[in-house]
Each structure stands twice: as C-alpha cells, then as structure tokens.
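*Asks:* Dumping the structure here so I can ask a few things about it.
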Amino acid sequence: MLSDVQAFEAHATDADLDDLRARLAAARLPEAETVYRAGPDPRRWEQGVPLADLVDVVNYWRTGYNWRSFEERLNRIGQFRTTIDDLGIHFLHRRSARADATPLILTHGWPGSIAEFIDVVDELADPKDADAPAFHVVVPSLPGFGYSDKPATIGWGTEKIAAAWVELMGRLGYSKFVAHGGDWGGNITTVLGGRFPAHVLGIHTLFAEAPPGLTTDGLTAVERKWTEETRDFWRHRAAYAKQQATRPQTIGYSLVDSPVGLLAWILDKFAEWSDTEDSPFETISRDRILDDVTLYWLTRTGASAARIYYESHNSLDPELRVDVPSAISMYPRDIEKCPRPWAQERYRQIVRWRSPESGGHFPSLEVPEHFVKDLQEGLAAVLATNR
C-alpha cells in the first residue's frame, strides 16, 4: 500500500559535517608502508592503502569534497522509507515516463551503497535510445546500510532481505518485476529469482554462485583460470570477509569512530577490486567513492553493514535453483567469476551470458555507459522470454 510509504529527504546537520572535518584534521596516522625498492613499485598496495594515497584523499575529503551535492542528487531522484517486519527500509524510486516501462529493483552490496547506482538511474528510467527498454527503478538500502534502519536482532540475512524486497515492490504497485545485483546484491537477486518466481520476471546478475562440489573437468582454460583466481581470492585476500563474518562488532568500533579508518577499510576494496593498474581513481571519481564512504560515516553504519557477513556468509542454499530467465555478466576484474557450465547447474534458463572486455567489481561506477547497455540488453532478453 502506497499509504505505508513516506517521502524522505537526506540532510546531514552542519554539526555532523564539521565534526567529520575536525576528526579528519586530527587523525593520527601510522608510518608509511615498507617498500620493496626505490621508485615506482607495482606492489605498493600489497600491504593495504599506501599512506601517500590516503593522505591525498583525506585532504580532499576535508577541504574539497561537497557532501551537499550528493544529497541534492539523492533528493532529486526521489527518496522514500517504509517499514517491513518492524524495520525501516530506505529506497530511491524513479518512475519512468514511458508507458511500457518494467519495474526493476537494483540491489547493492558491500562496501557499496545506493551511491553505486546514482549515475545510471536516469538512463535506465528514461533511456535516450527509444528502442532500449525503460524501467521504473527502485534502489533500496540494505538493512543496516545508509538510511535504512539497523537491525537490533539477528535474522536479517539474504533470504529475509529478498522477501522484504518482494513486499517493498508490492507496496509500490509492482507485483511483477525484474531484478539486478552484484556482490551481496547478486546473492539477494539469486534468492529473489529462486524463491519468488511468481513475482520475479527474471534477473540480471554479476554474481553467479554455483552449487558446491562441481568438477573442473570439461572447463576451458579460461574457465579453469577463473576458478583458480576465485580460489586464490578466498584463500589469500578475504581477511575482511572473515573478520566481518565472525567479529563485526569488533571492527565496527573503528569503522564508526574513525573516518580515516572507515575510508581505508573501504578504499582498499575499491582499489583491489576495480579494473585498474594502481589507483581506483583511474576509473572512479574521488567524489563518488567519498559519497559512498561519507554515507557510511554520517549514518554510523560501519558495524551494522558489516553484519550482513555475520548473517549470510556462505549461506546460499546449495539446493536453490533459479528457473526464471537469467542474464549473467562476468566482468574480467571481478573478485569471483563463475564458469558458465557451473552457473547452469543453478541458473536453469540462462538467456544471455556476457564476459565484458573491461570492468571490475563496481561496473556501474567504473564503466557506467557499458554497464547500462549491458543491463538493458540483458533484461531485454529476459523480458523477451516472458512474452
């Protein structure tokens, strides 16, 4: 019911923004990372965010970054809140002017937020190309993220979130819709497609998780390399996930108390998971990354957002199968890539499969024009199957 939905506007207090700048100015930093050799070093991010890079971003965050500009963009798109299962859920909602538009829910992951989609919402709702599909776009903030409420009890894992998204879309008058996601959003999108085929027309995902125990026999050399890279990631580069899955409260104190600590924790992932040679700012603007980090800071959600790992790490039902039409894209520098033969064991009706030439874990920020085209074409294939 639309009567259960309230308009919302983002507006941080001047006192909160002044406090952020004061904390940035008073930050106590460690010494620089140890170096392997003099001069340019391809391994300089190996120990985490280099001190010189962090200092540059902190200085810009304190003296040049404009949070009010991001707030204005959110308010212009249209923000709302509703309560589902006693938890306040925040979301962006941009209706298309096109009569043939299809409802679409976009779900972000960690360390992302609604900021991941701010640059693509308008083109998805009212595309310049009249032949491209148009969508009524809904972008919710995950529980514990952004302007959504923080759960006070356990239980808000991906299964419950997916059910809440169905309820949310129904309240907006969308009994049937398509869904997209990457990272945790991809996991939730898979659950949506698998558990709610009566409501979900089809999905587009950047995160295809195969059932466990599949063999590499018959895979191509490229697909075998994907499995090796994914295994290497989880063995050697996923300490953040283990921390947040086992001790989110412990790391949460630092993330909520120190803006520099929060920035470093998140910037590390934007750097490592993007399709870049050195800095994430090769493809993503400082402003957009700081929009994301500042949203975490002002809403004090460093700990509550980390808990999605505690709730749902390795929790995708191994028996879950997705029978609705599925479009899947595996970006080359993403952290987890699934071979198509493996994906087909879970996603039973893959109508489009793409491996783009560039892009990493955050394609809506890294390669937004390509991302929009890929999403439009993928969902067009999904919708064609429903006709």
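Naming works like this for the structure tokens: A, B, ... for the chains as they're shown, residue 1 at the start of each chain, ligands 1 onward in shown order.
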Could you name the residues that touch Glu377 of chain A at 12 Å or less, counting only C-alpha atoms, but leaving out those on the same chain fewer than 2 positions away, as a list in words?
*Replies:*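 Those residues are Leu124, Asp131, Ala132, Pro133, Ala134, Ile203, His204, Ser326, Ala327, Ile328, Ser329, Val351, Arg352, Trp353, Arg354, His370, Phe371, Val372, Lys373, Asp374, Leu375, Leu379, Ala380, Ala381, Val382, Leu383 and Ala384 of chain A.
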*Asks:* Find the spatial neighbours of segment 293-295 of chain A, counting only C-alpha atoms, within a cut-off of 8 Å - ignore same-chain residues fewer than 4 positions away - and output them as a PyMOL selection string.
*Replies:* chain A and resi 67+146+262-263+266+289+299
*Asks:* Return the single residue from A:Leu219, A:Arg68, A:Arg346, A:Phe80 that is closest to Asp14 of chain A, with distances computed using only C-alpha atoms.
*Replies:* A:Arg68
*Asks:* Can you pull out the residues contacting Glu277 of chain A? Cut-off 12 Å, using only C-alpha atoms, and skip same-chain residues under 5 positions away; I want them as a list in words.
*Replies:*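 Final neighbour list, sorted by chain and number: Asp41, Pro42, Arg43, Arg44, Trp45, Ala271, Glu272, Glu282, Thr283, Arg333, Gly359 and Gly360 of chain A.
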*Asks:* Using only C-alpha atoms, which of the listed residues (A:Val222, A:Ala210, A:Ala115, A:Gln249) sits closest to Asn314 of chain A?
*Replies:*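 Nearest candidate to Asn314 of chain A out of A:Val222, A:Ala210, A:Ala115, A:Gln249: A:Ala210.
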*Asks:* Based on the backbone DSSP call, show me all residues of segment 125-315 of chain A assigned strand (DSSP E or B), as a list in words.
*Replies:*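 Filtering segment 125-315 of chain A to strand (DSSP E or B) leaves Phe135, His136, Val137, Val138, Val139, Pro140, Phe177, Val178, Ala179, His180, Gly181, Val200, Leu201, Gly202, Ile203, His204 and Thr205 of chain A.
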*Asks:* Taking 4 positions as the minimum chain separation for residues in the same chain, which residues sit within 7 Å of Val121 of chain A when counting only C-alpha atoms? Answer as a list in words.
*Replies:*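 The filter keeps Phe117, Ala125 and Val137 of chain A.
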*Asks:* Suppose we keep N, CA, C and O atoms; can you now write the selection as an mmCIF file, in the first residue's frame?
*Replies:*
```
data_model
loop_
_atom_site.group_PDB
_atom_site.id
_atom_site.type_symbol
_atom_site.label_atom_id
_atom_site.label_comp_id
_atom_site.auth_asym_id
_atom_site.auth_seq_id
_atom_site.Cartn_x
_atom_site.Cartn_y
_atom_site.Cartn_z
ATOM 1 N N PHE A 117 24.577 3.361 -7.877
ATOM 2 C CA PHE A 117 23.636 3.453 -8.990
ATOM 3 C C PHE A 117 23.200 4.875 -9.311
ATOM 4 O O PHE A 117 22.392 5.078 -10.216
ATOM 5 N N ALA A 125 15.723 4.711 -16.415
ATOM 6 C CA ALA A 125 14.310 5.088 -16.363
ATOM 7 C C ALA A 125 13.824 5.691 -17.679
ATOM 8 O O ALA A 125 12.735 5.352 -18.163
ATOM 9 N N VAL A 137 12.604 2.414 -11.646
ATOM 10 C CA VAL A 137 13.792 1.955 -10.915
ATOM 11 C C VAL A 137 13.618 2.133 -9.408
ATOM 12 O O VAL A 137 13.308 3.236 -8.931
#
```
*Asks:* Residues near Arg23 of chain A, anyone? I mean within 10 Å using only C-alpha atoms, not counting same-chain ones fewer than 2 positions away, as a ChimeraX atom specification.
*Replies:* /A:17-21,25-28,62,257-260
*Asks:* Generate the output file for the selected residues, N, CA, C and O atoms, as a PDB file, in the first residue's frame.
*Replies:*
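Heads up, here's the output in again-v3.pdb:
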```
ATOM      1  N   LEU A  17      28.866  17.499   9.818  1.00  0.00           N
ATOM      2  CA  LEU A  17      29.882  17.733   8.793  1.00  0.00           C
ATOM      3  C   LEU A  17      31.108  18.419   9.390  1.00  0.00           C
ATOM      4  O   LEU A  17      32.253  18.105   9.020  1.00  0.00           O
ATOM      5  N   ASP A  18      30.889  19.347  10.309  1.00  0.00           N
ATOM      6  CA  ASP A  18      32.015  19.998  10.988  1.00  0.00           C
ATOM      7  C   ASP A  18      32.798  18.977  11.822  1.00  0.00           C
ATOM      8  O   ASP A  18      34.033  19.011  11.865  1.00  0.00           O
ATOM      9  N   ASP A  19      32.081  18.080  12.483  1.00  0.00           N
ATOM     10  CA  ASP A  19      32.732  17.042  13.278  1.00  0.00           C
ATOM     11  C   ASP A  19      33.584  16.136  12.398  1.00  0.00           C
ATOM     12  O   ASP A  19      34.704  15.766  12.773  1.00  0.00           O
ATOM     13  N   LEU A  20      33.071  15.784  11.228  1.00  0.00           N
ATOM     14  CA  LEU A  20      33.838  14.949  10.297  1.00  0.00           C
ATOM     15  C   LEU A  20      35.134  15.644   9.911  1.00  0.00           C
ATOM     16  O   LEU A  20      36.220  15.032   9.970  1.00  0.00           O
ATOM     17  N   ARG A  21      35.052  16.910   9.532  1.00  0.00           N
ATOM     18  CA  ARG A  21      36.266  17.629   9.130  1.00  0.00           C
ATOM     19  C   ARG A  21      37.249  17.769  10.290  1.00  0.00           C
ATOM     20  O   ARG A  21      38.468  17.653  10.095  1.00  0.00           O
ATOM     21  N   ALA A  25      41.067  16.287  10.379  1.00  0.00           N
ATOM     22  CA  ALA A  25      42.220  17.147  10.664  1.00  0.00           C
ATOM     23  C   ALA A  25      43.051  16.608  11.822  1.00  0.00           C
ATOM     24  O   ALA A  25      44.271  16.809  11.865  1.00  0.00           O
ATOM     25  N   ALA A  26      42.406  15.923  12.765  1.00  0.00           N
ATOM     26  CA  ALA A  26      43.100  15.444  13.967  1.00  0.00           C
ATOM     27  C   ALA A  26      43.529  13.983  13.856  1.00  0.00           C
ATOM     28  O   ALA A  26      43.994  13.399  14.840  1.00  0.00           O
ATOM     29  N   ALA A  27      43.412  13.409  12.660  1.00  0.00           N
ATOM     30  CA  ALA A  27      43.712  11.977  12.500  1.00  0.00           C
ATOM     31  C   ALA A  27      45.149  11.661  12.889  1.00  0.00           C
ATOM     32  O   ALA A  27      46.081  12.420  12.580  1.00  0.00           O
ATOM     33  N   ARG A  28      45.329  10.539  13.579  1.00  0.00           N
ATOM     34  CA  ARG A  28      46.653  10.057  13.941  1.00  0.00           C
ATOM     35  C   ARG A  28      46.989   8.891  13.014  1.00  0.00           C
ATOM     36  O   ARG A  28      46.367   7.832  13.075  1.00  0.00           O
ATOM     37  N   ARG A  62      38.483  16.568   3.403  1.00  0.00           N
ATOM     38  CA  ARG A  62      38.349  17.631   4.410  1.00  0.00           C
ATOM     39  C   ARG A  62      38.150  19.012   3.786  1.00  0.00           C
ATOM     40  O   ARG A  62      37.403  19.830   4.329  1.00  0.00           O
ATOM     41  N   ASP A 257      33.992   5.054  14.674  1.00  0.00           N
ATOM     42  CA  ASP A 257      34.671   6.099  15.449  1.00  0.00           C
ATOM     43  C   ASP A 257      35.687   6.885  14.634  1.00  0.00           C
ATOM     44  O   ASP A 257      35.939   8.048  14.923  1.00  0.00           O
ATOM     45  N   SER A 258      36.277   6.262  13.609  1.00  0.00           N
ATOM     46  CA  SER A 258      37.359   6.908  12.874  1.00  0.00           C
ATOM     47  C   SER A 258      37.034   7.028  11.393  1.00  0.00           C
ATOM     48  O   SER A 258      36.974   6.013  10.686  1.00  0.00           O
ATOM     49  N   PRO A 259      36.830   8.234  10.876  1.00  0.00           N
ATOM     50  CA  PRO A 259      36.572   8.361   9.441  1.00  0.00           C
ATOM     51  C   PRO A 259      37.750   7.908   8.593  1.00  0.00           C
ATOM     52  O   PRO A 259      37.554   7.373   7.500  1.00  0.00           O
ATOM     53  N   VAL A 260      38.978   8.099   9.077  1.00  0.00           N
ATOM     54  CA  VAL A 260      40.145   7.644   8.314  1.00  0.00           C
ATOM     55  C   VAL A 260      40.191   6.113   8.289  1.00  0.00           C
ATOM     56  O   VAL A 260      40.490   5.509   7.258  1.00  0.00           O
TER      57      VAL A 260
END
```
*Asks:* From the list A:Phe207, A:Trp273, A:Phe177, A:Phe281, which residue is nearest Cys338 of chain A when using only C-alpha atoms?
*Replies:* A:Phe207
*Asks:* Can you check which residues of segment 294-382 of chain A DSSP gives as helix (DSSP H, G or I) on the backbone and send them as a PyMOL selection string?
*Replies:* chain A and resi 294-299+302-312+340-343+363-366+368-382
*Asks:* Pick the closest to Arg288 of chain A from A:Gln376, A:Ser364, A:Ser175, A:Thr34: which is it, counting only C-alpha atoms?
*Replies:* A:Ser364
*Asks:* Applying 9 Å and only C-alpha atoms, which residues near Leu74 of chain A remain after dropping the ones on its own chain fewer than 4 positions away? List them as a count of residues only.
*Replies:* 9
*Asks:* For each of A:Gln6, A:Asp100, A:Leu54, A:Asp149, take the minimum atom-to-atom distance to Thr82 of chain A, counting only C-alpha atoms, then give the residue where this is smallest.
*Replies:*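 Looking only at the distances to Thr82 of chain A, the closest residue turns out to be A:Gln6.
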*Asks:* Can you tell me, as a PyMOL selection string, what residues are no more than 9 Å from Arg286 of chain A when counting only C-alpha atoms, ignoring any on the same chain fewer than 5 positions away?
*Replies:* chain A and resi 57+60-61+65+280-281+291
*Asks:* Save the residues we just selected, C-alpha atoms, as a CSV table (one decimal), in the first residue's frame?
*Replies:*
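Output contents, as saved in part_9.csv:
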```csv
chain,number,residue,atom,x,y,z
A,57,VAL,CA,42.2,11.6,-0.2
A,60,TYR,CA,40.5,16.4,-0.4
A,61,TRP,CA,37.7,14.9,1.8
A,65,TYR,CA,34.6,17.4,-1.2
A,280,PRO,CA,40.8,3.2,-8.1
A,281,PHE,CA,40.7,6.8,-9.2
A,291,ASP,CA,29.9,9.8,-1.5
```
*Asks:* Just give me the gap between atom CA of Thr230 of chain A and atom CA of Ile335 of chain A in Å, one decimal is fine.
*Replies:* 6.4 Å
